[in-house]
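Student: This is the structure I want to talk about, given as structure tokens.
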2 protein chains.
Amino acid sequence: MMQPIRVGADFGREFPGADPAAAEVAANLVRAASAFLDEVERRRRPVAGLSAGAYEALAVLEGAGEPLPGHVIAERLLVTTASVTSLLDTLVRRGFVTREPHPTDRRKILVRLTAEGQRVVDEMLPIVHRTATDVFGALTAAEAEALVERCTEARRRLAELAALPPPTPRPRRVRRRTLADAD
Amino acid sequence: MMQPIRVGADFGREFPGADPAAAEVAANLVRAASAFLDEVERRRRPVAGLSAGAYEALAVLEGAGEPLPGHVIAERLLVTTASVTSLLDTLVRRGFVTREPHPTDRRKILVRLTAEGQRVVDEMLPIVHRTATDVFGALTAAEAEALVERCTEARRRLAELAALPPPTPRPRRVRRRTLADAD
DNA sequence: TATTGTTATACTCTATAACTATA
DNA sequence: TATAGTTATAGAGTATAACAATA
């Protein structure tokens, strides 16, 4: 009952110049990734009731293996330092990290994982990996490697595209209906 | 310079029972999908400055080909009717949809795309498909089909998992470091 | 009673801008 | 001047709960 997301037969007429197979790949990839993240969040919620960003911040800290200044966390999370400030407010309030002064540079703070924070990470990371195993563990080594390769090529291409100015208005579309109501 | 996201050599010791290949597939898939959505948003922003949810709502309306009651939009978007109310407030204010009374069921409203809303959809959808073509258009038919298949299997598996109660605490993890700082 | 939609409220995430302290 | 962090402010998105109107 769970079928691939497919484009309609008139896709080519409606979107001249667009590749139907590419559209299907994109739709199916995005939906799969989104469903995966939903399942991770569902399983992870009971651990500490934190948002995805908060769990990521804890994982970054734990991955570094040492206290980190705020702007480094901001870089890894791809958000502004202002956003990190409020994220850390939550984590400090919940007792999962502490702020301490940087020993040599007094502009900086160091964010340190508490024992409780470490406990959260120790519960949370296996949940993520277990979910991955539940979802993708049945793939053959070749299938897994092919998937990783395709995703890496896509990320490579996307990194190039992101460096370009957004393309200007496309050829106008002809008529209606595509993969709209695929759920 | 853009390499696949890989787990560390000690992954197996740290996360007994977790499949390293599955973890790599999950990480690469999620990152690729996220980068794709970022690029779509970057290209789509100039069209009308709407959020992803607002564009999706317009696409749902246009895909249906007729005015829809609010709760149907909520179902398709997987959000509550309360969320749709505020989403529609924005779209009405911007002039992209109108609310009108349902002819027979006076509890309902019908949301209708305006000419301006139609214009937004006509500009926006080709941008999405063009992005897909830019990113995935170089795949062979076999590669594309394999990708679609793997994603569909994952969604199928995830639909099963979502129906289960979240699994209870996993075997404890042994030591530190995995795919933390892969960016 | 159930359904539809709105309002009220609250919380999180994120951003920009202005500001302080420090380098 | 540049960097690090905070505060203030704002806006989007989402949710739950209570409610009104209608079926």
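Each chain of the structure tokens is named A, B, ... in the order shown, its residues numbered from 1; ligands are numbered from 1 in display order.
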Using only C-alpha atoms (C1' of nucleotides), which residues sit within 12 Å of DA20 of chain D once same-chain residues fewer than 4 positions away are excluded, as a PDB file with N, CA, C and O atoms (P, O5', C5', C4', C3', O3' and C1' of nucleotides), in the first residue's frame?
Tutor:
ATOM      1  N   ARG B 107     -20.781  24.585   8.330  1.00  0.00           N
ATOM      2  CA  ARG B 107     -19.641  24.563   9.244  1.00  0.00           C
ATOM      3  C   ARG B 107     -18.353  24.846   8.487  1.00  0.00           C
ATOM      4  O   ARG B 107     -17.366  25.276   9.054  1.00  0.00           O
TER       5      ARG B 107
ATOM      6  P    DT C   4     -15.022  17.320   9.412  1.00  0.00           P
ATOM      7  O5'  DT C   4     -15.072  18.885   9.637  1.00  0.00           O
ATOM      8  C5'  DT C   4     -16.184  19.624   9.157  1.00  0.00           C
ATOM      9  C4'  DT C   4     -15.984  21.077   9.477  1.00  0.00           C
ATOM     10  C3'  DT C   4     -14.564  21.607   9.253  1.00  0.00           C
ATOM     11  O3'  DT C   4     -14.630  22.611   8.259  1.00  0.00           O
ATOM     12  C1'  DT C   4     -15.444  22.314  11.355  1.00  0.00           C
ATOM     13  P    DG C   5     -13.280  23.310   7.689  1.00  0.00           P
ATOM     14  O5'  DG C   5     -13.070  24.510   8.701  1.00  0.00           O
ATOM     15  C5'  DG C   5     -14.077  25.520   8.751  1.00  0.00           C
ATOM     16  C4'  DG C   5     -13.864  26.389   9.954  1.00  0.00           C
ATOM     17  C3'  DG C   5     -12.498  27.050  10.041  1.00  0.00           C
ATOM     18  O3'  DG C   5     -12.670  28.445   9.766  1.00  0.00           O
ATOM     19  C1'  DG C   5     -13.259  26.234  12.154  1.00  0.00           C
ATOM     20  P    DT C   6     -11.434  29.457   9.887  1.00  0.00           P
ATOM     21  O5'  DT C   6     -11.542  29.957  11.405  1.00  0.00           O
ATOM     22  C5'  DT C   6     -12.775  30.520  11.839  1.00  0.00           C
ATOM     23  C4'  DT C   6     -12.666  30.943  13.289  1.00  0.00           C
ATOM     24  C3'  DT C   6     -11.450  31.814  13.607  1.00  0.00           C
ATOM     25  O3'  DT C   6     -11.930  33.026  14.171  1.00  0.00           O
ATOM     26  C1'  DT C   6     -11.666  30.017  15.165  1.00  0.00           C
ATOM     27  P    DT C   7     -10.925  34.222  14.467  1.00  0.00           P
ATOM     28  O5'  DT C   7     -10.623  34.003  16.027  1.00  0.00           O
ATOM     29  C5'  DT C   7     -11.702  33.961  16.945  1.00  0.00           C
ATOM     30  C4'  DT C   7     -11.172  33.637  18.333  1.00  0.00           C
ATOM     31  C3'  DT C   7      -9.939  34.438  18.756  1.00  0.00           C
ATOM     32  O3'  DT C   7     -10.226  35.063  19.997  1.00  0.00           O
ATOM     33  C1'  DT C   7      -9.613  32.118  19.143  1.00  0.00           C
TER      34       DT C   7
END
Student: Each residue of chain B lying at most 10 Å from chain C should get a row with its shortest atom-to-atom pair and the distance in Å to one decimal, counting only C-alpha atoms (C1' of nucleotides); could you produce that, ordered by chain and increasing number, as a tab-separated table?
Tutor:
residue	atom	partner	partner_atom	distance
B:Pro69	CA	C:DT4	C1'	9.0
B:Gly70	CA	C:DG5	C1'	7.8
B:His71	CA	C:DT4	C1'	7.3
B:Thr81	CA	C:DG5	C1'	7.3
B:Ala82	CA	C:DT6	C1'	7.5
B:Val84	CA	C:DG5	C1'	9.6
B:Thr85	CA	C:DT6	C1'	7.4
B:Ser86	CA	C:DT6	C1'	9.6
B:Asp105	CA	C:DT4	C1'	9.5
B:Arg106	CA	C:DT4	C1'	8.9
B:Arg107	CA	C:DT4	C1'	5.2
B:Lys108	CA	C:DT4	C1'	5.7
B:Ile109	CA	C:DG5	C1'	8.0
Student: For the interface of chain D with chain A (cut-off 12 Å, counting only C-alpha atoms (C1' of nucleotides)), please tabulate each contacting residue of chain D alongside its nearest pair of atoms and their separation in Å to one decimal, rows sorted by chain and increasing number, as JSON lines.
Tutor:
{"residue": "D:DT3", "atom": "C1'", "partner": "A:Arg107", "partner_atom": "CA", "distance": 8.1}
{"residue": "D:DA4", "atom": "C1'", "partner": "A:Arg107", "partner_atom": "CA", "distance": 5.2}
{"residue": "D:DG5", "atom": "C1'", "partner": "A:Lys108", "partner_atom": "CA", "distance": 7.1}
{"residue": "D:DT6", "atom": "C1'", "partner": "A:Thr85", "partner_atom": "CA", "distance": 7.4}
{"residue": "D:DT7", "atom": "C1'", "partner": "A:Ala82", "partner_atom": "CA", "distance": 9.2}
{"residue": "D:DA8", "atom": "C1'", "partner": "A:Ala82", "partner_atom": "CA", "distance": 11.1}
Student: What's the 7 Å shell around Val40 of chain B, counting only C-alpha atoms (C1' of nucleotides), without same-chain residues fewer than 3 positions away, as a list in words?
Tutor: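 These residues fall inside the cut-off: Phe36, Leu37, Arg43, Arg44, Val128 and Thr131 of chain B.
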Student: To one decimal place in Å, what is the distance between atom CA of Met2 of chain B and atom CA of Cys151 of chain B?
Tutor: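 Between these atoms lies a distance of 22.4 Å.
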Student: With only C-alpha atoms counted and 6 Å as the cut-off, give the residues of chain A in contact with chain B, each with its shortest interatomic distance in Å and the pair that gives it, as a tab-separated table.
Tutor:
residue	atom	partner	partner_atom	distance
A:Met2	CA	B:Arg156	CA	5.7
A:Pro4	CA	B:Thr152	CA	5.4
A:Ala18	CA	B:Arg130	CA	5.6
A:Asp19	CA	B:Thr133	CA	5.4
A:Ala22	CA	B:Phe136	CA	5.0
A:Ala23	CA	B:Ala132	CA	5.4
A:Val25	CA	B:Val148	CA	5.5
A:Ala26	CA	B:Ala132	CA	5.8
A:Asn28	CA	B:Cys151	CA	5.9
A:Leu29	CA	B:Cys151	CA	5.9
A:Val30	CA	B:Ala33	CA	5.1
A:Ala32	CA	B:Arg155	CA	5.4
A:Ala33	CA	B:Val30	CA	5.1
A:Arg43	CA	B:Pro166	CA	5.2
A:Gly63	CA	B:Arg177	CA	5.2
A:His129	CA	B:Ala23	CA	5.8
A:Arg130	CA	B:Ala18	CA	5.6
A:Ala132	CA	B:Ala23	CA	5.3
A:Thr133	CA	B:Ala22	CA	5.3
A:Val135	CA	B:Ala154	CA	5.8
A:Phe136	CA	B:Ala22	CA	5.0
A:Gly137	CA	B:Ala22	CA	5.3
A:Val148	CA	B:Val25	CA	5.5
A:Cys151	CA	B:Ala32	CA	5.6
A:Thr152	CA	B:Pro4	CA	5.4
A:Ala154	CA	B:Val135	CA	5.8
A:Arg155	CA	B:Ala32	CA	5.3
A:Arg156	CA	B:Met2	CA	5.7
A:Pro166	CA	B:Arg43	CA	5.3
A:Arg177	CA	B:Gly63	CA	5.2
A:Ala180	CA	B:Gly63	CA	5.2
Student: Would you return as a ChimeraX atom specification the members of segment 12-98 of chain B that DSSP assigns to alpha helix (DSSP H) on this structure's backbone?
Tutor: /B:12-14,20-48,52-64,70-77,81-93
Student: So which bits of chain B end up strand (DSSP E or B) when you DSSP the backbone, as a PyMOL selection string?
Tutor: chain B and resi 68+97-101+109-113
Student: Which residue gives the smallest distance to DG11 of chain D among B:Leu58, B:Thr90, B:Val97, B:Val79, with only C-alpha atoms (C1' of nucleotides) counted?
Tutor: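 Counting only C-alpha atoms (C1' of nucleotides), the residue closest to DG11 of chain D is B:Thr90.
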Student: What is the distance, in Å and to one decimal place, between atom CA of Gly95 of chain B and atom CA of Glu66 of chain B?
Tutor: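 Computing the Euclidean distance for atom CA of Gly95 of chain B and atom CA of Glu66 of chain B yields 17.2 Å.
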